[in-house]
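For reference, structure.tsv (TSV, C-alpha atoms):
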chain	number	residue	atom	x	y	z
A	518	MET	CA	18.05	-63.88	-54.30
A	519	PRO	CA	21.09	-61.63	-53.55
A	520	SER	CA	24.30	-63.23	-52.40
A	521	THR	CA	24.82	-60.82	-49.51
A	522	PRO	CA	23.07	-63.05	-46.93
A	523	HIS	CA	25.77	-65.65	-47.45
A	524	ARG	CA	28.37	-63.09	-46.43
A	525	ALA	CA	26.26	-62.46	-43.36
A	526	LEU	CA	26.40	-66.12	-42.45
A	527	ARG	CA	30.19	-66.22	-42.88
A	528	ALA	CA	30.42	-63.18	-40.58
A	529	LEU	CA	28.51	-65.03	-37.91
A	530	LEU	CA	30.58	-68.22	-38.12
A	531	ALA	CA	33.59	-66.41	-38.39
A	532	LEU	CA	51.37	-59.01	-13.45
A	533	CYS	CA	54.85	-59.27	-14.33
A	534	THR	CA	57.21	-60.04	-11.40
A	535	ALA	CA	60.53	-58.14	-11.17
A	536	ALA	CA	63.70	-60.25	-10.92
A	537	GLY	CA	67.38	-59.98	-9.94
A	538	LEU	CA	68.37	-56.99	-7.81
A	539	ALA	CA	64.79	-55.79	-7.71
A	540	SER	CA	64.06	-58.68	-5.40
A	541	LEU	CA	66.33	-57.04	-2.81
A	542	ALA	CA	64.30	-53.84	-2.71
A	543	ALA	CA	62.29	-52.94	0.38
A	544	PRO	CA	58.71	-54.25	0.20
A	545	VAL	CA	56.12	-51.86	-1.19
A	546	ALA	CA	53.76	-50.43	1.42
A	547	HIS	CA	50.26	-51.81	1.02
A	548	ALA	CA	46.97	-50.02	1.43
A	549	SER	CA	44.24	-51.43	3.61
A	550	PRO	CA	40.49	-51.07	4.05
A	551	GLY	CA	39.83	-47.46	4.97
A	552	SER	CA	43.27	-46.25	3.83
A	553	GLY	CA	45.05	-45.74	0.53
A	554	PRO	CA	43.47	-44.77	-2.79
A	555	THR	CA	39.80	-45.66	-3.12
A	556	ALA	CA	38.90	-48.00	-5.97
A	557	VAL	CA	35.92	-49.32	-7.88
A	558	VAL	CA	36.52	-52.60	-9.71
A	559	ALA	CA	34.72	-54.20	-12.66
A	560	MET	CA	34.81	-57.98	-13.02
A	561	GLY	CA	33.24	-60.45	-15.40
A	562	ASP	CA	32.58	-60.66	-19.10
A	563	SER	CA	32.26	-58.63	-22.30
A	564	TYR	CA	29.19	-56.68	-21.22
A	565	ILE	CA	31.27	-54.92	-18.58
A	566	SER	CA	34.79	-55.24	-20.03
A	567	GLY	CA	33.99	-52.82	-22.86
A	568	GLU	CA	33.53	-55.03	-25.93
A	569	ALA	CA	32.31	-52.91	-28.89
A	570	GLY	CA	33.46	-49.67	-27.31
A	571	ARG	CA	35.15	-48.97	-30.65
A	572	TRP	CA	31.86	-47.81	-32.14
A	573	LEU	CA	29.70	-44.68	-31.99
A	574	GLY	CA	26.52	-46.04	-33.54
A	575	ASN	CA	26.31	-48.05	-36.76
A	576	SER	CA	26.93	-46.91	-40.33
A	577	LEU	CA	26.66	-48.68	-43.67
A	578	THR	CA	29.70	-46.79	-44.96
A	579	ASN	CA	32.62	-49.22	-45.04
A	580	SER	CA	35.53	-46.84	-45.63
A	581	GLY	CA	37.43	-44.23	-43.66
A	582	SER	CA	35.93	-43.37	-40.28
A	583	ARG	CA	32.65	-45.01	-41.32
A	584	ASN	CA	30.89	-41.66	-41.02
A	585	GLY	CA	32.57	-41.00	-37.68
A	586	THR	CA	31.41	-44.20	-36.01
A	587	ASP	CA	34.79	-45.99	-35.98
A	588	ARG	CA	36.97	-44.71	-33.14
A	589	ALA	CA	39.85	-46.92	-34.31
A	590	TRP	CA	40.32	-44.83	-37.49
A	591	THR	CA	43.70	-43.05	-37.45
A	592	GLY	CA	43.17	-41.04	-40.62
A	593	SER	CA	44.91	-43.62	-42.78
A	594	THR	CA	44.27	-47.02	-41.18
A	595	TYR	CA	42.51	-48.75	-38.29
A	596	ASP	CA	44.16	-49.23	-34.89
A	597	PRO	CA	41.88	-50.93	-32.34
A	598	SER	CA	44.45	-50.25	-29.60
A	599	ARG	CA	43.28	-46.63	-29.71
A	600	VAL	CA	40.16	-47.96	-27.97
A	601	TYR	CA	41.18	-51.24	-26.34
A	602	GLY	CA	44.79	-50.42	-25.50
A	603	SER	CA	47.01	-53.42	-24.86
A	604	THR	CA	43.91	-55.66	-24.63
A	605	ALA	CA	43.05	-55.24	-28.32
A	606	GLY	CA	42.52	-58.72	-29.72
A	607	GLY	CA	42.16	-60.04	-26.18
A	608	CYS	CA	40.01	-58.94	-23.27
A	609	HIS	CA	38.80	-55.84	-25.16
A	610	ARG	CA	38.76	-53.50	-22.16
A	611	SER	CA	37.75	-50.29	-23.87
A	612	ASP	CA	38.39	-46.72	-22.74
A	613	THR	CA	34.62	-46.25	-22.47
A	614	ALA	CA	33.94	-49.45	-20.49
A	615	GLU	CA	31.35	-49.08	-17.74
A	616	VAL	CA	33.81	-48.57	-14.88
A	617	LYS	CA	35.87	-46.12	-16.96
A	618	SER	CA	32.73	-44.11	-17.81
A	619	ALA	CA	31.47	-43.84	-14.23
A	620	GLY	CA	33.19	-40.52	-13.53
A	621	ALA	CA	35.18	-39.54	-10.46
A	622	ILE	CA	33.52	-41.96	-8.06
A	623	ALA	CA	36.89	-43.27	-6.79
A	624	SER	CA	40.59	-42.53	-7.13
A	625	SER	CA	41.10	-45.67	-9.21
A	626	LEU	CA	38.67	-47.22	-11.70
A	627	ILE	CA	39.96	-50.73	-12.34
A	628	ASN	CA	38.75	-53.06	-15.08
A	629	LEU	CA	39.53	-56.76	-14.56
A	630	ALA	CA	36.70	-58.00	-16.80
A	631	CYS	CA	37.49	-59.89	-19.99
A	632	SER	CA	35.47	-60.44	-23.11
A	633	GLY	CA	34.47	-64.08	-23.36
A	634	ALA	CA	35.01	-64.83	-19.67
A	635	THR	CA	32.95	-67.46	-17.86
A	636	THR	CA	32.50	-68.04	-14.15
A	637	GLU	CA	35.54	-70.35	-14.01
A	638	ASN	CA	37.66	-67.41	-15.18
A	639	VAL	CA	36.53	-65.52	-12.06
A	640	PHE	CA	37.24	-68.25	-9.48
A	641	ARG	CA	40.65	-68.28	-7.76
A	642	ALA	CA	43.13	-70.70	-9.32
A	643	SER	CA	43.43	-72.48	-5.97
A	644	GLN	CA	39.72	-73.19	-6.19
A	645	GLY	CA	39.68	-74.49	-9.74
A	646	GLY	CA	39.65	-71.14	-11.53
A	647	GLN	CA	41.13	-70.97	-15.01
A	648	ALA	CA	43.47	-68.44	-16.57
A	649	PHE	CA	42.02	-66.76	-19.67
A	650	LYS	CA	43.61	-64.95	-22.59
A	651	GLY	CA	46.99	-65.02	-20.88
A	652	GLU	CA	45.72	-63.59	-17.61
A	653	ALA	CA	45.32	-65.09	-14.14
A	654	PRO	CA	41.77	-65.73	-12.89
A	655	GLN	CA	40.04	-62.47	-12.05
A	656	ALA	CA	39.68	-63.24	-8.32
A	657	ASP	CA	43.46	-63.68	-8.10
A	658	GLN	CA	43.92	-60.34	-9.86
A	659	LEU	CA	41.46	-58.82	-7.38
A	660	ALA	CA	43.67	-59.95	-4.49
A	661	ALA	CA	46.48	-57.69	-5.73
A	662	VAL	CA	44.05	-54.80	-6.28
A	663	ALA	CA	42.52	-55.20	-2.82
A	664	ALA	CA	45.98	-55.17	-1.23
A	665	ALA	CA	47.04	-51.97	-3.00
A	666	ASN	CA	43.78	-50.01	-2.80
A	667	ASP	CA	40.82	-49.28	-0.57
A	668	VAL	CA	38.20	-51.06	-2.65
A	669	LYS	CA	34.74	-49.61	-2.16
A	670	LEU	CA	32.65	-51.39	-4.80
A	671	ILE	CA	33.00	-54.38	-7.10
A	672	ALA	CA	30.65	-54.56	-10.09
A	673	LEU	CA	30.16	-58.07	-11.49
A	674	SER	CA	28.62	-59.13	-14.80
A	675	ILE	CA	28.94	-62.87	-15.39
A	676	GLY	CA	26.99	-65.92	-16.55
A	677	GLY	CA	26.12	-64.98	-20.11
A	678	ASN	CA	28.96	-66.97	-21.65
A	679	ASP	CA	28.19	-69.94	-19.42
A	680	LEU	CA	24.69	-69.87	-20.91
A	681	GLY	CA	26.08	-69.56	-24.44
A	682	PHE	CA	24.90	-66.07	-25.45
A	683	ALA	CA	27.09	-66.03	-28.55
A	684	ASP	CA	25.75	-69.39	-29.70
A	685	ILE	CA	22.16	-68.27	-29.14
A	686	ILE	CA	22.71	-65.14	-31.26
A	687	SER	CA	24.47	-67.11	-34.00
A	688	THR	CA	21.77	-69.79	-34.06
A	689	CYS	CA	18.90	-67.29	-34.18
A	690	ALA	CA	20.54	-65.25	-36.94
A	691	THR	CA	21.35	-68.36	-38.97
A	692	ASP	CA	17.77	-69.59	-38.59
A	693	TYR	CA	16.60	-66.27	-40.03
A	694	ILE	CA	19.12	-65.97	-42.85
A	695	VAL	CA	19.46	-69.57	-43.96
A	696	TRP	CA	16.88	-71.94	-42.56
A	697	TYR	CA	13.77	-69.76	-42.42
A	698	SER	CA	12.95	-71.30	-39.04
A	699	TYR	CA	12.53	-70.08	-35.48
A	700	CYS	CA	15.19	-70.47	-32.79
A	701	HIS	CA	13.34	-69.58	-29.60
A	702	ASP	CA	11.83	-73.01	-28.97
A	703	ASP	CA	15.02	-75.09	-29.05
A	704	GLN	CA	17.16	-72.31	-27.54
A	705	GLN	CA	14.76	-71.90	-24.63
A	706	ALA	CA	15.07	-75.59	-23.91
A	707	GLU	CA	18.87	-75.31	-23.87
A	708	VAL	CA	18.79	-72.31	-21.54
A	709	ASP	CA	16.38	-74.09	-19.19
A	710	ALA	CA	18.71	-77.09	-19.07
A	711	LYS	CA	21.73	-74.95	-18.14
A	712	ILE	CA	20.39	-72.11	-16.03
A	713	ASP	CA	20.33	-73.75	-12.59
A	714	GLY	CA	23.99	-74.76	-12.90
A	715	VAL	CA	24.97	-71.36	-14.28
A	716	MET	CA	23.28	-69.49	-11.44
A	717	ALA	CA	25.02	-71.73	-8.90
A	718	ALA	CA	28.32	-70.80	-10.56
A	719	VAL	CA	27.42	-67.09	-10.48
A	720	GLY	CA	26.73	-67.48	-6.75
A	721	ARG	CA	30.10	-69.17	-6.34
A	722	SER	CA	31.73	-66.23	-8.16
A	723	VAL	CA	30.31	-63.92	-5.49
A	724	ASP	CA	31.64	-66.26	-2.80
A	725	GLU	CA	35.09	-66.24	-4.42
A	726	ILE	CA	35.16	-62.42	-4.48
A	727	ARG	CA	34.14	-62.32	-0.82
A	728	ALA	CA	36.83	-64.84	0.12
A	729	VAL	CA	39.50	-62.72	-1.57
A	730	MET	CA	38.31	-59.56	0.18
A	731	THR	CA	38.19	-61.29	3.58
A	732	THR	CA	41.72	-62.62	3.11
A	733	ALA	CA	42.84	-59.07	2.24
A	734	GLY	CA	41.48	-57.88	5.61
A	735	TYR	CA	38.17	-56.38	4.54
A	736	ALA	CA	35.05	-56.65	6.66
A	737	ALA	CA	31.73	-57.07	4.86
A	738	SER	CA	30.87	-53.45	5.69
A	739	ASP	CA	34.04	-52.11	4.05
A	740	TYR	CA	32.91	-52.66	0.47
A	741	ARG	CA	29.94	-53.61	-1.72
A	742	ILE	CA	29.37	-56.11	-4.48
A	743	VAL	CA	26.89	-55.17	-7.21
A	744	LEU	CA	25.72	-58.01	-9.41
A	745	GLN	CA	24.22	-56.77	-12.66
A	746	SER	CA	22.10	-58.32	-15.38
A	747	TYR	CA	22.16	-57.98	-19.15
A	748	PRO	CA	20.29	-55.67	-21.53
A	749	SER	CA	18.59	-56.72	-24.74
A	750	PRO	CA	20.54	-55.50	-27.80
A	751	ILE	CA	17.55	-56.06	-30.12
A	752	PRO	CA	14.04	-54.55	-29.89
A	753	ARG	CA	10.63	-56.12	-29.72
A	754	ALA	CA	9.13	-56.88	-33.11
A	755	ALA	CA	6.68	-53.96	-32.89
A	756	GLU	CA	9.60	-51.58	-32.19
A	757	ASN	CA	11.77	-52.72	-35.14
A	758	ARG	CA	12.00	-50.19	-37.97
A	759	TYR	CA	12.54	-52.87	-40.62
A	760	ALA	CA	9.98	-55.30	-41.96
A	761	GLU	CA	10.33	-58.97	-41.11
A	762	SER	CA	10.25	-59.96	-44.79
A	763	GLY	CA	12.99	-59.21	-47.29
A	764	TRP	CA	16.65	-58.60	-46.53
A	765	ALA	CA	16.59	-55.18	-44.82
A	766	ARG	CA	17.07	-56.61	-41.33
A	767	THR	CA	20.13	-58.50	-42.56
A	768	ASN	CA	21.74	-56.18	-45.10
A	769	THR	CA	20.71	-52.77	-43.78
A	770	GLY	CA	19.78	-53.01	-40.12
A	771	GLY	CA	22.15	-55.72	-38.89
A	772	CYS	CA	19.41	-57.37	-36.85
A	773	PRO	CA	18.60	-60.65	-38.68
A	774	PHE	CA	15.97	-62.11	-36.35
A	775	TRP	CA	12.36	-63.20	-36.75
A	776	ASN	CA	9.64	-61.28	-34.93
A	777	LEU	CA	8.82	-64.19	-32.61
A	778	ASP	CA	12.49	-64.73	-31.81
A	779	SER	CA	12.97	-60.99	-31.15
A	780	ASP	CA	10.02	-60.91	-28.78
A	781	TRP	CA	11.28	-64.05	-27.04
A	782	ALA	CA	14.76	-62.54	-26.53
A	783	ARG	CA	13.44	-59.16	-25.34
A	784	ASP	CA	10.49	-60.24	-23.21
A	785	SER	CA	11.32	-63.78	-22.12
A	786	LEU	CA	15.03	-64.68	-22.23
A	787	VAL	CA	16.48	-61.40	-20.94
A	788	PRO	CA	13.89	-61.12	-18.13
A	789	GLN	CA	14.36	-64.79	-17.19
A	790	ILE	CA	18.11	-64.32	-16.78
A	791	ALA	CA	17.65	-61.00	-14.94
A	792	ASP	CA	15.15	-62.51	-12.51
A	793	ARG	CA	17.43	-65.46	-11.79
A	794	LEU	CA	20.44	-63.17	-11.27
A	795	LYS	CA	18.36	-61.07	-8.89
A	796	GLY	CA	17.64	-64.27	-6.99
A	797	VAL	CA	21.37	-64.96	-6.70
A	798	ALA	CA	21.99	-61.39	-5.47
A	799	THR	CA	19.28	-61.79	-2.84
A	800	ALA	CA	20.58	-65.16	-1.69
A	801	LYS	CA	24.14	-63.85	-1.42
A	802	GLY	CA	23.21	-60.53	0.20
A	803	VAL	CA	24.61	-58.27	-2.52
A	804	GLN	CA	23.03	-55.43	-4.46
A	805	PHE	CA	21.41	-56.10	-7.80
A	806	LEU	CA	21.52	-53.72	-10.77
A	807	ASP	CA	18.88	-54.65	-13.33
A	808	MET	CA	19.94	-53.63	-16.85
A	809	ARG	CA	17.17	-55.37	-18.82
A	810	ASP	CA	15.63	-52.05	-19.94
A	811	ALA	CA	18.82	-49.98	-20.15
A	812	LEU	CA	18.86	-50.08	-23.99
A	813	GLN	CA	15.10	-49.65	-24.47
A	814	GLY	CA	14.59	-47.69	-27.72
A	815	ARG	CA	18.37	-47.64	-28.33
A	816	GLU	CA	18.69	-51.22	-29.57
A	817	VAL	CA	19.94	-52.23	-33.00
A	818	CYS	CA	17.11	-51.53	-35.50
A	819	ALA	CA	14.91	-49.77	-32.93
A	820	LYS	CA	12.39	-47.33	-34.42
A	821	ALA	CA	13.35	-44.71	-31.84
A	822	SER	CA	16.99	-44.65	-33.01
A	823	LYS	CA	18.81	-44.01	-36.27
A	824	GLN	CA	21.80	-45.29	-38.18
A	825	VAL	CA	24.65	-42.85	-38.77
A	826	THR	CA	24.98	-41.51	-42.32
A	827	ALA	CA	26.86	-38.76	-44.12
A	828	THR	CA	24.06	-36.37	-43.15
A	829	VAL	CA	23.11	-37.91	-39.77
A	830	PRO	CA	26.20	-37.71	-37.52
A	831	PRO	CA	26.83	-39.92	-34.51
A	832	SER	CA	24.80	-38.77	-31.53
A	833	ALA	CA	24.20	-40.20	-28.07
A	834	ALA	CA	20.71	-38.74	-28.31
A	835	SER	CA	19.66	-40.47	-31.52
A	836	SER	CA	22.14	-43.19	-32.58
A	837	GLU	CA	21.88	-46.87	-31.67
A	838	TRP	CA	23.63	-47.82	-28.43
A	839	ALA	CA	24.47	-51.41	-29.41
A	840	ARG	CA	26.69	-52.92	-32.10
A	841	TRP	CA	24.92	-54.56	-35.01
A	842	ILE	CA	25.79	-57.82	-36.74
A	843	ASP	CA	28.00	-56.66	-39.61
A	844	SER	CA	26.26	-58.20	-42.59
A	845	GLN	CA	29.16	-57.48	-44.93
A	846	SER	CA	32.05	-58.66	-42.71
A	847	THR	CA	33.84	-55.40	-43.48
A	848	GLN	CA	33.86	-53.53	-40.16
A	849	GLY	CA	35.83	-54.64	-37.12
A	850	LEU	CA	35.39	-57.99	-35.44
A	851	VAL	CA	32.27	-60.14	-35.42
A	852	GLN	CA	32.74	-60.70	-31.66
A	853	GLU	CA	31.74	-57.04	-31.09
A	854	SER	CA	28.24	-57.81	-32.37
A	855	MET	CA	25.26	-57.37	-30.04
A	856	HIS	CA	27.25	-55.56	-27.31
A	857	PRO	CA	26.75	-52.04	-25.94
A	858	ASN	CA	28.83	-49.64	-28.04
A	859	ALA	CA	30.63	-46.54	-26.72
A	860	TYR	CA	27.33	-44.72	-26.17
A	861	GLY	CA	25.84	-47.71	-24.37
A	862	GLN	CA	28.93	-48.12	-22.20
A	863	GLN	CA	28.91	-44.46	-21.24
A	864	ALA	CA	25.27	-44.86	-20.25
A	865	PHE	CA	26.10	-47.96	-18.19
A	866	GLY	CA	28.89	-45.99	-16.51
A	867	ARG	CA	26.27	-43.50	-15.40
A	868	CYS	CA	24.22	-46.39	-14.00
A	869	LEU	CA	27.27	-47.52	-12.01
A	870	ALA	CA	27.81	-44.00	-10.66
A	871	LEU	CA	24.17	-43.80	-9.61
A	872	ILE	CA	24.18	-47.11	-7.75
A	873	TYR	CA	27.51	-46.18	-6.15
A	874	ALA	CA	25.59	-43.27	-4.60
A	875	ALA	CA	22.77	-45.60	-3.51
A	876	PRO	CA	24.38	-47.92	-0.93
A	877	THR	CA	21.34	-50.06	-0.21
A	878	GLY	CA	18.56	-51.73	-2.16
A	879	ASN	CA	18.23	-53.20	-5.62
A	880	ARG	CA	17.92	-50.86	-8.59
A	881	SER	CA	16.88	-50.90	-12.23
A	882	CYS	CA	18.65	-48.55	-14.65
A	883	ARG	CA	16.80	-46.97	-17.57
A	884	ASN	CA	17.41	-44.32	-20.19
A	885	THR	CA	15.55	-41.16	-21.10
A	886	ALA	CA	14.46	-40.96	-24.74
A	887	GLY	CA	16.36	-38.33	-26.69
A	888	SER	CA	19.06	-37.98	-24.06
A	889	GLY	CA	22.60	-39.30	-23.65
A	890	ALA	CA	24.25	-40.89	-20.63
A	891	SER	CA	23.17	-37.99	-18.40
A	892	GLY	CA	19.58	-39.13	-18.87
A	893	MET	CA	20.10	-42.51	-17.18
A	894	TYR	CA	18.16	-42.94	-13.95
A	895	LEU	CA	17.47	-45.59	-11.32
A	896	THR	CA	14.18	-46.99	-10.13
A	897	ALA	CA	13.58	-49.38	-7.25
A	898	GLY	CA	14.51	-52.82	-8.48
Can you turn what I pasted into structure tokens?
Amino acid sequence: MPSTPHRALRALLALCTAAGLASLAAPVAHASPGSGPTAVVAMGDSYISGEAGRWLGNSLTNSGSRNGTDRAWTGSTYDPSRVYGSTAGGCHRSDTAEVKSAGAIASSLINLACSGATTENVFRASQGGQAFKGEAPQADQLAAVAAANDVKLIALSIGGNDLGFADIISTCATDYIVWYSYCHDDQQAEVDAKIDGVMAAVGRSVDEIRAVMTTAGYAASDYRIVLQSYPSPIPRAAENRYAESGWARTNTGGCPFWNLDSDWARDSLVPQIADRLKGVATAKGVQFLDMRDALQGREVCAKASKQVTATVPPSAASSEWARWIDSQSTQGLVQESMHPNAYGQQAFGRCLALIYAAPTGNRSCRNTAGSGASGMYLTAG
């Protein structure tokens, strides 16, 4: 048996305030609802912050630009700040993050989301919220944004880390690579035990955002909150281009999961979470954006997509839209695994632009096979 799978396992386990004389300056004029620059704000976790925006598809080439997939390549070394700016190694807010890829829908496109954030990192500090990665809770950051801008829409993606997405992925991959056992049975039980509490916390996150906006002088009709769900980064078993047996899913595809676990994730876990989030949106009177099918056919290892090679360049029309699990531990950070890559984030930005133009009703966002972000479209959700 080759030693590579062991490397795969290791990969898995692996506002400043002015002082002095500045304090004597005249106070800065504040915007208010209906005046000042319009803004759209993203809040929440890695699926909206821009984690994995470094990548344009997946390539097995481990040197140089990795066949043009690695946007951090400078020509001589790798600089993740080219993609994540000052948040490299922290919140990973990429230049292609959903809100940054939405186009000219507002004067300001503001990303407060942070990779790894949970609901308690959204709550105001005065209400038990916790600072994260050196930043104040996101609701407290929103207060400053709401005071300086005319906020029109707030997109929220949260709850996945409360449920333990990263642990689920790690467990399922380890069960495939090492233990030759399924993960869906025990992981489903853990999700079921947590989900009621997580959804209550997601609902509280919406309440916290509303409280901040009300304090800033906004009426409910002045802005919208859009709560969105998560996509599946892996395909159904029947749509995987690699056989379940052997090491191709681990060493070549970067999707080390059993068929039954893949089907559970795609057709049970992701829909369960989406349906529960929709319930929260309904209960709280906010719009819901269903992303469960947004990566259909564009997932890691999907038959309808291709890896990038020396002769198959990166393409939004044919490359994978999610980051694989790096089986060799030689490309970027493991935490980028199983997140929408630059292509996926650009597509999600189009979804955000579309729902911005649809002020009422729930929506589901889907892609058009063989097309890039321009092919995203909404259906009644």
Nearest residue to Val729 in chain A from the set A:Val662, A:Val787, A:Ile675, A:Ala648 (distances using all atoms listed in the file):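 Distance minimum relative to Val729 in chain A lands on A:Val662.
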query: Which residue, A:Gly814, A:Pro876, A:Gly887, A:Gly681, has the smallest gap to Ser835 in chain A when you use all atoms listed in the file?
result: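 For Ser835 in chain A, the nearest of the candidates is A:Gly887.
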- prompt: Nearest to Tyr759 in chain A among A:Val817, A:Ala661, A:Leu895, A:Cys689, with distances taken over all atoms listed in the file: which residue is it?
  reply: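 Using all atoms listed in the file, Tyr759 in chain A sits closest to A:Val817.
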Among listed residues A:Asn575, A:Asn768, A:Ser749, A:Asn628, nearest Arg809 in chain A (using all atoms listed in the file): A:Ser749
If we draw a sphere of 6 Å around (19.2, -53.9, -17.1), which residues have at least one atom in it when counting all atoms listed in the file? Please report them as a tab-separated table (two decimals) with C-alpha atoms, in the frame of the given file.
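After the write, part-v2.tsv holds the following:
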chain	number	residue	atom	x	y	z
A	746	SER	CA	22.10	-58.32	-15.38
A	747	TYR	CA	22.16	-57.98	-19.15
A	748	PRO	CA	20.29	-55.67	-21.53
A	807	ASP	CA	18.88	-54.65	-13.33
A	808	MET	CA	19.94	-53.63	-16.85
A	809	ARG	CA	17.17	-55.37	-18.82
A	810	ASP	CA	15.63	-52.05	-19.94
A	811	ALA	CA	18.82	-49.98	-20.15
A	882	CYS	CA	18.65	-48.55	-14.65
task: Using only C-alpha atoms, determine which residues lie at most 10 Å from Val708 in chain A, disregarding the query and same-chain residues fewer than 6 positions distant; provide the list as a list of chain:residue names.
output: A:Asp679, A:Leu680, A:Gly681, A:Phe682, A:Ile685, A:Val715, A:Leu786, A:Gln789, A:Ile790
Using only C-alpha atoms, list the residues that have an atom at most 6 Å from (27.0, -50.4, -10.6), coordinates as in the file, as a PDB file with C-alpha atoms, keeping the file's coordinate frame.
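Just written: result-v1.pdb:
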ATOM      1  CA  ALA A 672      30.650 -54.560 -10.090  1.00  0.00           C
ATOM      2  CA  VAL A 743      26.890 -55.170  -7.210  1.00  0.00           C
ATOM      3  CA  CYS A 868      24.220 -46.390 -14.000  1.00  0.00           C
ATOM      4  CA  LEU A 869      27.270 -47.520 -12.010  1.00  0.00           C
ATOM      5  CA  ILE A 872      24.180 -47.110  -7.750  1.00  0.00           C
TER       6      ILE A 872
END
field: Nearest residue to Ile565 in chain A from the set A:Ala733, A:Leu744, A:Val723, A:Val803 (distances using all atoms listed in the file)
entry: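 Closest candidate: A:Leu744.
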field: Near-range 769-785 of chain A list (6 Å; only C-alpha atoms; drop same-chain fewer than 2 positions) as a ChimeraX atom specification
entry: /A:690,693,701,749,753-754,765-767,787-789,818,841-843
Let me see the file: selected residues, C-alpha atoms, as a short mmCIF file (atom, residue, chain, number, x, y, z; two decimals), keeping the file's coordinate frame.
data_model
loop_
_atom_site.label_atom_id
_atom_site.label_comp_id
_atom_site.auth_asym_id
_atom_site.auth_seq_id
_atom_site.Cartn_x
_atom_site.Cartn_y
_atom_site.Cartn_z
CA ALA A 690 20.54 -65.25 -36.94
CA TYR A 693 16.60 -66.27 -40.03
CA HIS A 701 13.34 -69.58 -29.60
CA SER A 749 18.59 -56.72 -24.74
CA ARG A 753 10.63 -56.12 -29.72
CA ALA A 754 9.13 -56.88 -33.11
CA ALA A 765 16.59 -55.18 -44.82
CA ARG A 766 17.07 -56.61 -41.33
CA THR A 767 20.13 -58.50 -42.56
CA VAL A 787 16.48 -61.40 -20.94
CA PRO A 788 13.89 -61.12 -18.13
CA GLN A 789 14.36 -64.79 -17.19
CA CYS A 818 17.11 -51.53 -35.50
CA TRP A 841 24.92 -54.56 -35.01
CA ILE A 842 25.79 -57.82 -36.74
CA ASP A 843 28.00 -56.66 -39.61
#
Around all of range 573-584 of chain A's listed atoms, make the axis-aligned box with 3 Å on each side and tell me centre and edge lengths in Å to one decimal, as JSON.
{"center_x": 31.9, "center_y": -45.4, "center_z": -38.8, "size_x": 17.1, "size_y": 13.6, "size_z": 19.6}
query: Which residue, A:Ile694, A:Pro830, A:Ala683, A:Tyr735, has the smallest gap to Glu761 in chain A when you use only C-alpha atoms?
result: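 Looking at the shortest contact to Glu761 in chain A, the residue is A:Ile694.
The gap separating CA of Ser854 in chain A from CA of Arg815 in chain A is 14.7 Å, in Å to one decimal.
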message: Need the shell around Ser722 in chain A: protein/DNA/RNA residues with any atom at most 10 Å away, counting all atoms listed in the file. Skip same-chain ones fewer than 5 positions apart. Format as a list in words?
response: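 Non-adjacent residues within range: Gly561, Thr635, Thr636, Glu637, Asn638, Val639, Phe640, Arg641, Gly646, Gln655, Ala656, Leu673, Ile675, Gly676, Met716, Ala717, Arg727 and Ala728 of chain A.
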field: Close residues, range 576-580 of chain A itself excluded, 10 Å, only C-alpha atoms, min 5 positions apart in chain, as an MDAnalysis selection string
entry: chainID A and resid 585:587 590 594 768:771 823:827 829:831 836 841 843:848
